[in-house]
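J.: Input final_5.txt, format and content: compact mmCIF, C-alpha atoms.
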# COMPACT_ATOMS: atom_id res chain seq x y z
CA ALA A 1 0.00 0.00 0.00
CA ALA A 2 1.13 3.56 -0.74
CA ASP A 3 -0.35 6.99 -1.41
CA LEU A 4 -0.52 6.96 -5.21
CA ASP A 5 -2.49 10.20 -5.70
CA HIS A 6 -1.09 12.44 -2.91
CA ASP A 7 -4.39 12.68 -1.02
CA GLY A 8 -2.96 11.33 2.26
CA ASP A 9 -4.75 7.96 2.02
CA LEU A 10 -3.01 4.65 1.33
CA ASP A 11 -4.04 2.99 -1.92
CA ILE A 12 -3.57 -0.69 -2.82
CA VAL A 13 -1.82 -2.44 -5.72
CA LEU A 14 -2.00 -6.21 -6.35
CA THR A 15 -0.21 -8.42 -8.87
CA GLU A 16 -1.60 -11.53 -10.51
CA GLU A 17 1.25 -14.03 -10.44
CA GLU A 18 -0.79 -17.01 -11.69
CA THR A 19 -3.56 -17.00 -14.25
CA CYS A 20 -5.84 -19.47 -15.96
CA PRO A 21 -4.89 -20.64 -19.46
CA GLY A 22 -5.72 -18.03 -22.05
CA VAL A 23 -6.13 -15.23 -19.49
CA GLU A 24 -3.70 -12.33 -19.58
CA ALA A 25 -1.98 -11.30 -16.35
CA ARG A 26 -2.93 -7.96 -14.80
CA ILE A 27 -1.91 -5.53 -12.09
CA PHE A 28 -4.85 -4.27 -10.03
CA VAL A 29 -5.00 -0.73 -8.60
CA PHE A 30 -7.51 0.31 -5.90
CA ARG A 31 -8.10 3.90 -4.79
CA ASN A 32 -8.74 4.63 -1.12
CA ASP A 33 -11.57 7.16 -0.84
CA GLY A 34 -10.79 7.84 2.83
CA ASN A 35 -14.01 6.22 4.09
CA GLN A 36 -12.80 2.63 4.30
CA ASN A 37 -13.84 2.04 0.69
CA PHE A 38 -11.51 0.99 -2.12
CA VAL A 39 -12.50 1.82 -5.68
CA ARG A 40 -11.08 -0.32 -8.47
CA MET A 41 -9.21 1.75 -11.01
CA PRO A 42 -8.38 0.62 -14.58
CA ASP A 43 -6.20 -2.52 -14.57
CA ILE A 44 -2.69 -2.62 -16.00
CA ASN A 45 -2.74 -5.39 -18.61
CA LEU A 46 0.40 -7.40 -19.22
CA PRO A 47 -0.08 -9.43 -22.40
CA GLY A 48 2.42 -12.27 -22.51
CA ARG A 49 4.03 -11.23 -19.22
CA LEU A 50 3.50 -12.65 -15.75
CA PRO A 51 4.68 -10.32 -12.97
CA HIS A 52 6.47 -11.74 -9.97
CA GLY A 53 6.85 -9.73 -6.79
CA LEU A 54 5.80 -6.16 -6.13
CA THR A 55 7.22 -3.01 -4.55
CA LEU A 56 5.76 0.48 -4.41
CA ALA A 57 8.48 3.14 -4.23
CA GLU A 58 9.75 6.29 -5.89
CA VAL A 59 12.59 5.30 -8.24
CA THR A 60 12.21 7.74 -11.15
CA GLY A 61 12.99 11.03 -9.37
CA ASP A 62 9.62 12.77 -9.87
CA SER A 63 8.20 12.30 -6.31
CA ASN A 64 5.42 10.00 -7.58
CA ILE A 65 5.15 6.42 -6.39
CA ASP A 66 6.08 3.84 -9.04
CA ILE A 67 5.30 0.12 -9.36
CA ILE A 68 8.34 -2.17 -9.45
CA THR A 69 7.92 -5.83 -10.39
CA ALA A 70 9.92 -8.64 -11.98
CA LEU A 71 8.85 -9.43 -15.54
CA PRO A 72 10.11 -12.23 -17.78
CA ASP A 73 12.34 -9.83 -19.70
CA GLY A 74 13.83 -7.96 -16.73
CA MET A 75 13.01 -5.66 -13.85
CA GLY A 76 9.96 -3.60 -14.79
CA VAL A 77 9.27 -0.13 -13.43
CA PHE A 78 5.83 1.38 -14.18
CA PRO A 79 6.32 5.13 -13.60
CA GLY A 80 3.51 6.68 -11.59
CA ASN A 81 1.74 9.82 -12.82
CA GLY A 82 0.55 10.87 -9.36
CA ASN A 83 -3.15 10.21 -10.21
CA LEU A 84 -3.35 6.38 -9.92
CA THR A 85 -2.36 5.91 -13.57
CA PHE A 86 1.00 4.57 -14.74
CA GLY A 87 3.19 4.74 -17.81
CA ALA A 88 4.61 1.90 -19.88
CA PRO A 89 7.14 -0.29 -18.03
CA ILE A 90 10.83 0.60 -18.11
CA ILE A 91 12.77 -2.66 -18.51
CA SER A 92 16.37 -3.08 -17.35
CA THR A 93 18.88 -5.58 -15.95
CA THR A 94 17.96 -9.26 -15.34
CA ALA A 95 14.69 -10.84 -14.23
CA PRO A 96 15.05 -12.36 -10.74
CA PHE A 97 12.96 -15.02 -9.02
CA LYS A 98 12.32 -12.68 -6.08
CA PHE A 99 13.56 -9.22 -5.07
CA LYS A 100 13.50 -6.64 -2.25
CA MET A 101 14.42 -2.96 -2.39
CA ALA A 102 16.99 -1.13 -0.21
CA ASP A 103 19.81 1.41 -0.59
CA PHE A 104 22.79 -0.96 -0.56
CA ASN A 105 25.53 1.53 -1.49
CA GLY A 106 24.43 4.59 0.47
CA ASP A 107 23.88 6.93 -2.49
CA GLY A 108 20.25 7.73 -1.58
CA LEU A 109 18.82 5.68 -4.46
CA LEU A 110 16.92 2.42 -4.05
CA ASP A 111 18.65 -0.72 -5.31
CA ALA A 112 17.35 -4.28 -5.79
CA GLY A 113 18.49 -7.33 -3.83
CA MET A 114 17.68 -10.50 -5.75
CA ILE A 115 17.31 -14.26 -5.66
CA MET A 116 18.20 -15.20 -9.21
CA GLN A 117 16.41 -17.77 -11.33
CA GLN A 118 17.53 -21.30 -10.40
CA PRO A 119 18.36 -24.35 -12.51
CA SER A 120 16.63 -27.62 -11.60
CA PHE A 121 19.74 -28.74 -9.70
CA GLY A 122 22.74 -26.82 -8.54
CA THR A 123 23.61 -23.68 -6.67
CA ASP A 124 21.53 -20.57 -6.08
CA LEU A 125 22.86 -17.14 -6.97
CA ILE A 126 22.08 -14.05 -4.91
CA GLY A 127 22.78 -10.58 -6.26
CA THR A 128 22.30 -6.83 -6.10
CA ALA A 129 21.45 -4.41 -8.92
CA LEU A 130 22.15 -0.75 -8.18
CA GLY A 131 19.47 1.79 -9.05
CA ASN A 132 20.23 4.72 -11.33
CA GLY A 133 17.45 6.98 -10.05
CA ASN A 134 15.64 7.08 -13.42
CA GLY A 135 13.70 3.81 -13.24
CA THR A 136 16.55 1.63 -14.49
CA PHE A 137 18.98 -0.69 -12.69
CA GLN A 138 22.57 -1.63 -13.39
CA ALA A 139 23.81 -5.12 -14.18
CA VAL A 140 23.44 -7.64 -11.38
CA ARG A 141 26.52 -8.55 -9.31
CA THR A 142 26.06 -12.02 -7.88
CA GLN A 143 27.45 -14.16 -5.08
CA THR A 144 27.15 -17.92 -4.62
CA GLY A 145 24.31 -19.00 -2.36
CA SER A 146 23.11 -22.32 -0.97
CA SER A 147 23.51 -25.55 -2.92
CA VAL A 148 21.61 -28.86 -2.83
CA LEU A 149 21.14 -31.78 -5.19
CA GLU A 150 17.34 -31.81 -4.99
CA ASN A 151 14.69 -30.75 -7.43
CA LEU A 152 13.38 -28.12 -5.03
CA ARG A 153 13.41 -24.35 -4.88
CA ILE A 154 16.63 -23.70 -2.92
CA SER A 155 16.08 -20.13 -1.74
CA ASN A 156 12.51 -18.93 -1.40
CA ASP A 157 12.63 -15.56 0.38
CA LEU A 158 15.02 -12.72 1.26
CA GLU A 159 14.99 -9.69 3.52
CA PRO A 160 17.32 -6.66 3.67
CA GLY A 161 18.49 -5.32 7.03
CA ASP A 162 21.69 -4.22 8.75
CA VAL A 163 22.63 -7.28 10.83
CA ASN A 164 26.24 -6.32 11.64
CA GLY A 165 25.67 -2.72 12.70
CA ASP A 166 27.83 -0.97 10.09
CA GLY A 167 24.99 1.18 8.74
CA THR A 168 24.64 -0.70 5.42
CA PRO A 169 21.66 -3.04 4.77
CA ASP A 170 22.70 -6.67 4.44
CA LEU A 171 20.77 -9.53 2.81
CA THR A 172 19.31 -12.48 4.71
CA VAL A 173 18.17 -15.31 2.40
CA PHE A 174 15.87 -18.12 3.55
CA ASN A 175 16.91 -21.44 2.00
CA TYR A 176 13.92 -23.76 1.67
CA ALA A 177 15.78 -26.82 0.34
CA SER A 178 18.90 -26.68 2.58
CA ASN A 179 16.97 -25.94 5.82
CA ASP A 180 19.01 -22.88 6.78
CA VAL A 181 19.49 -19.16 6.20
CA SER A 182 22.30 -17.39 4.40
CA VAL A 183 23.50 -14.01 5.63
CA PHE A 184 25.27 -11.88 3.02
CA ILE A 185 27.15 -8.88 4.41
CA VAL A 186 27.00 -6.02 1.91
CA ASN A 187 30.14 -4.07 1.01
CA PRO A 188 30.07 -0.24 0.87
CA ASP A 189 29.83 -0.42 -2.94
CA GLY A 190 26.68 -2.57 -2.76
CA SER A 191 28.32 -5.90 -3.67
CA LEU A 192 27.93 -9.02 -1.53
CA ARG A 193 30.50 -10.87 0.54
CA PRO A 194 30.41 -14.71 0.71
CA HIS A 195 27.48 -15.91 2.76
CA GLU A 196 27.43 -17.31 6.29
CA ARG A 197 24.91 -20.12 6.84
CA TYR A 198 22.88 -20.76 9.99
CA GLY A 199 20.63 -23.76 10.57
CA ILE A 200 17.07 -22.71 11.35
CA GLY A 201 14.86 -25.79 10.89
CA ASN A 202 13.02 -27.72 8.21
CA THR A 203 12.08 -25.89 4.98
CA PRO A 204 12.08 -22.19 5.94
CA ILE A 205 9.75 -20.72 3.35
CA LEU A 206 9.26 -17.11 4.50
CA GLY A 207 11.11 -14.88 6.93
CA THR A 208 11.91 -11.42 8.16
CA VAL A 209 14.45 -9.51 10.26
CA ALA A 210 13.64 -7.27 13.25
CA ASP A 211 14.89 -6.46 16.74
CA PHE A 212 12.75 -8.90 18.74
CA ASP A 213 14.54 -8.56 22.10
CA GLY A 214 15.22 -4.82 22.19
CA ASP A 215 19.03 -5.05 22.31
CA GLY A 216 19.60 -2.90 19.21
CA ARG A 217 20.50 -5.85 16.96
CA LEU A 218 18.39 -7.27 14.13
CA ASP A 219 17.30 -10.86 14.77
CA ILE A 220 15.91 -13.38 12.24
CA ALA A 221 12.48 -15.03 12.23
CA ALA A 222 11.35 -17.73 9.81
CA ALA A 223 8.26 -19.85 9.19
CA ILE A 224 9.37 -23.47 9.02
CA GLY A 225 7.76 -26.88 8.58
CA LEU A 226 8.48 -29.66 11.06
CA PRO A 227 8.99 -33.37 10.34
CA PRO A 228 5.80 -35.46 9.96
CA SER A 229 6.02 -36.65 13.57
CA GLY A 230 5.85 -33.09 14.88
CA LEU A 231 3.67 -30.04 14.40
CA HIS A 232 2.64 -28.92 10.95
CA ASN A 233 4.61 -25.67 11.12
CA ALA A 234 6.29 -23.26 13.51
CA ILE A 235 8.08 -19.92 13.84
CA VAL A 236 11.79 -20.00 14.69
CA LEU A 237 13.81 -17.05 16.00
CA LEU A 238 17.56 -16.68 15.64
CA ARG A 239 18.94 -14.15 18.13
CA ASN A 240 21.69 -11.85 16.88
CA VAL A 241 24.58 -12.02 19.35
CA GLY A 242 27.36 -10.58 17.22
CA GLY A 243 26.36 -7.49 15.26
CA GLY A 244 24.66 -4.20 15.91
CA PRO A 245 25.26 -1.53 18.49
CA VAL A 246 25.74 -2.68 22.06
CA GLY A 247 25.17 -0.48 25.06
CA THR A 248 28.23 0.42 27.13
CA PRO A 249 27.96 -1.22 30.54
CA THR A 250 27.84 1.18 33.46
CA PRO A 251 30.39 0.32 36.18
CA THR A 252 28.99 -0.34 39.63
CA PRO A 253 30.63 1.82 42.32
CA THR A 254 32.66 -0.22 44.78
CA ALA A 255 33.23 1.14 48.28
CA THR A 256 36.57 0.50 49.94
CA ALA A 257 37.20 1.32 53.56
CA THR A 258 40.13 3.37 54.75
CA ALA A 259 40.81 3.37 58.43
CA THR A 260 42.12 6.65 59.82
CA ALA A 261 43.15 6.48 63.44
CA THR A 262 43.29 9.67 65.45
CA ALA A 263 45.04 9.38 68.76
CA THR A 264 44.87 12.19 71.29
CA ALA A 265 46.90 11.90 74.48
CA THR A 266 46.60 14.30 77.37
CA ALA A 267 48.90 14.15 80.39
CA THR A 268 47.98 16.14 83.48
CA ALA A 269 50.39 16.46 86.41
CA THR A 270 49.45 18.03 89.77
CA ALA A 271 52.07 18.66 92.48
CA THR A 272 51.13 19.66 96.04
CA LEU A 273 53.74 20.75 98.58
CA THR A 274 52.81 20.94 102.26
CA PRO A 275 55.44 22.45 104.61
CA THR A 276 55.68 20.50 107.83
CA SER A 277 58.29 19.95 110.36
CA THR A 278 59.11 16.82 108.46
CA PRO A 279 59.83 17.24 104.81
CA THR A 280 56.94 15.70 102.84
CA ALA A 281 56.40 15.69 99.14
CA THR A 282 53.10 14.61 97.60
CA VAL A 283 52.86 14.18 93.85
CA THR A 284 49.61 13.30 92.06
CA VAL A 285 49.81 12.41 88.37
CA THR A 286 46.63 11.83 86.32
CA PRO A 287 47.34 10.69 82.74
CA THR A 288 44.40 10.75 80.32
CA ALA A 289 44.51 9.27 76.79
CA THR A 290 41.66 9.71 74.31
CA VAL A 291 41.59 7.79 70.99
CA THR A 292 38.96 8.67 68.38
CA PRO A 293 38.80 6.23 65.40
CA SER A 294 37.09 7.27 62.15
CA VAL A 295 36.50 5.40 58.85
CA THR A 296 36.74 7.21 55.53
CA PRO A 297 36.07 5.32 52.15
CA SER A 298 39.21 5.19 50.07
CA SER A 299 41.00 2.76 47.79
CA THR A 300 43.96 2.11 50.17
CA PRO A 301 43.74 1.72 53.91
CA THR A 302 45.98 4.25 55.66
CA ALA A 303 46.58 4.99 59.31
CA THR A 304 47.37 8.59 60.20
CA PRO A 305 48.24 9.39 63.77
CA THR A 306 47.49 12.97 64.68
CA SER A 307 49.64 13.12 67.80
CA THR A 308 52.04 11.00 69.81
CA PRO A 309 51.53 10.66 73.59
CA ARG A 310 54.23 12.58 75.49
CA PRO A 311 55.69 11.09 78.65
CA THR A 312 54.26 12.25 81.93
CA PRO A 313 56.64 14.78 83.53
CA THR A 314 58.14 13.91 86.92
CA VAL A 315 57.78 16.64 89.52
CA ARG A 316 60.81 17.08 91.69
CA PRO A 317 59.94 17.97 95.36
CA ARG A 318 61.26 21.22 96.71
CA ALA A 319 63.38 20.94 99.88
CA THR A 320 61.79 22.05 103.13
CA PRO A 321 63.93 24.77 104.99
CA ARG A 322 65.69 23.55 108.06
CA PRO A 323 64.39 25.13 111.33
CA ARG A 324 66.68 27.60 113.05
CA PRO A 325 67.62 26.90 116.77
CA THR A 326 65.89 29.05 119.29
CA PRO A 327 68.47 31.09 121.37
CA ALA A 328 68.45 30.54 125.14
CA PRO A 329 67.43 33.52 127.31
CA ARG A 330 70.17 35.52 128.94
CA PRO A 331 70.42 35.49 132.83
Spell out the structure here as structure tokens.

T.:
Amino acid sequence: AADLDHDGDLDIVLTEEETCPGVEARIFVFRNDGNQNFVRMPDINLPGRLPHGLTLAEVTGDSNIDIITALPDGMGVFPGNGNLTFGAPIISTTAPFKFKMADFNGDGLLDAGMIMQQPSFGTDLIGTALGNGNGTFQAVRTQTGSSVLENLRISNDLEPGDVNGDGTPDLTVFNYASNDVSVFIVNPDGSLRPHERYGIGNTPILGTVADFDGDGRLDIAAAIGLPPSGLHNAIVLLRNVGGGPVGTPTPTPTATATATATATATATATATLTPTSTPTATVTVTPTATVTPSVTPSSTPTATPTSTPRPTPTVRPRATPRPRPTPAPRP
């Protein structure tokens, strides 16, 4: 669906990929009147051509939505006129089995990722055709895909998406006959690197890529069929654990104790002298020591004394004066 006539409502386009004998294939266009009604517009007749696949996008540079489909003689672009009518198809490059659109080389123009037509037996080819911005595509550059010796469709679906977090869409291909998926990392110029294969289950026929666990990485989901002894079909998820942006872990503060000892010593000396007839010296010494410990967090324990106790002074007694003799009275 896309807004084909610039009225703010999404219109619908359908392709007819199989027809009855003697019936020409068509592309159907339906106008959205904004009231949940779709009005059938004139069909696009394709005598002698059977379209395969469909994308609605602007690829001709005029701001109108175009119809892109694979025709027997190549990629076909039906340029939109902005009023739900379309011009004759522009044919270029090679006709694929299936395609998806994305900007693979970062030039702002949509390109085509493709599963190429397959021989009865052998190896699938996967490719990209760069868009020129005028409704045409360049020659396809291919890379070897999955390979089996069975008379089955090897690769049945593909999905673009940046799975390694480098900002460029990559291609994930779902291999029906080999029971796995192929991930093609895309180079900055839009070409494909050799694929990496991941087992996903029996006969994956359709799939997609999305961030299913919220970690910023694109994961893979596929519809598979199970062996006859199991369920008829299932959905399998492959979690991306290697590509995409990863949040920087926040360190947890760790408290370390530093013991700081503060020692305060106070020495008090009191001396009392009492004169008597007999020399007497009384000395009273009262030492007082106060220690105040405190703990301050730090990376390395340290002990810092603030003062060192001083020895208690010794008071020396003063000598008592000797009494003078009393003189005897004179006669």

J.: With all atoms listed in the file as the basis for distance, which of A:Glu18, A:Asp111, A:Glu150, A:Asp215 is at the shortest distance from Arg239 in chain A?

T.: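 Using all atoms listed in the file, Arg239 in chain A sits closest to A:Asp215.
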
J.: Please identify all polymer residues within 9 Å of Val209 in chain A, counting only C-alpha atoms, omitting same-chain residues fewer than 3 positions from it, and present them as a PyMOL selection string.

T.: chain A and resi 159-161+163+172+212+218-222

J.: Between CA of Leu130 in chain A and CA of Asp180 in chain A, what is the spacing in Å?

T.: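 Rounded to one decimal, the two atoms are 26.9 Å apart.
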
J.: Would you mind telling me which residue in A:Asn37, A:Asn179, A:Ile185, A:Val173 lies nearest to Gly207 in chain A when using all atoms listed in the file?

T.: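 Under the stated criterion, the closest residue is A:Val173.
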
J.: One number please: CA of Thr60 in chain A to CA of Ile27 in chain A, in Å, one decimal.

T.: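 These two atoms are separated by 19.4 Å.
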
J.: Might you pull out every residue within 7 Å of Asp5 in chain A, with all atoms listed in the file counted and same-chain residues fewer than 3 positions away left off, and present them as a VMD selection string?

T.: chain A and resid 82 to 84

J.: Expressed in Å to a single decimal, how great is the separation between CA of Gly34 in chain A and CA of Lys100 in chain A?

T.: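 Result for CA of Gly34 in chain A versus CA of Lys100 in chain A: 28.7 Å, one decimal.
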
J.: Would you mind listing what lies within 10 Å of Asp73 in chain A as a list in words, with all atoms listed in the file counted and same-chain residues fewer than 6 positions away left out?

T.: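 The contact residues come out as Arg49, Ile91, Ser92, Thr93, Thr94, Ala95 and Pro96 of chain A.
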
J.: Have a look at A:Asp162, A:Asp11, A:Glu196, A:Asp170 and name the one nearest to Arg40 in chain A; count only C-alpha atoms.

T.: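 So, comparing all the options, the nearest one is A:Asp11.
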
J.: Please list as JSON, numbers by chain every residue within 7 Å of Met41 in chain A, counting all atoms listed in the file and excluding residues in the same chain fewer than 6 positions away.

T.: {"A": [29, 30, 31]}

J.: Out of A:Val241, A:Ala25, A:Leu206, A:Val236, which residue has the shortest atom-to-atom distance to Asn164 in chain A when counting all atoms listed in the file?

T.: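 Between A:Val241, A:Ala25, A:Leu206, A:Val236, the residue approaching Asn164 in chain A most closely is A:Val241.
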
J.: Using only C-alpha atoms, which of the listed residues (A:Phe137, A:Leu54, A:Leu10, A:Thr69) sits closest to Phe38 in chain A?

T.: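 Residue with the minimum atom-to-atom distance to Phe38 in chain A: A:Leu10.
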
J.: In terms of the shortest atom-to-atom distance over all atoms listed in the file, which of A:Gly131, A:Asn64, A:Pro21, A:Phe28 is closest to Asp103 in chain A?

T.: A:Gly131

J.: Give me the residues near range 187-192 of chain A as number ranges by chain, where near means some atom within 8 Å (using only C-alpha atoms) and where sequence neighbours in that chain fewer than 6 positions away do not count.

T.: A: 104-106, 127-128, 130, 141-143, 168

J.: Just to be explicit: take each residue in the selection above, keep C-alpha atoms, and write the result as an mmCIF file, in the frame of the given file.

T.:
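Everything below was put into result-v4.cif:
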data_model
loop_
_atom_site.group_PDB
_atom_site.id
_atom_site.type_symbol
_atom_site.label_atom_id
_atom_site.label_comp_id
_atom_site.auth_asym_id
_atom_site.auth_seq_id
_atom_site.Cartn_x
_atom_site.Cartn_y
_atom_site.Cartn_z
ATOM 1 C CA PHE A 104 22.790 -0.960 -0.560
ATOM 2 C CA ASN A 105 25.530 1.530 -1.490
ATOM 3 C CA GLY A 106 24.430 4.590 0.470
ATOM 4 C CA GLY A 127 22.780 -10.580 -6.260
ATOM 5 C CA THR A 128 22.300 -6.830 -6.100
ATOM 6 C CA LEU A 130 22.150 -0.750 -8.180
ATOM 7 C CA ARG A 141 26.520 -8.550 -9.310
ATOM 8 C CA THR A 142 26.060 -12.020 -7.880
ATOM 9 C CA GLN A 143 27.450 -14.160 -5.080
ATOM 10 C CA THR A 168 24.640 -0.700 5.420
#
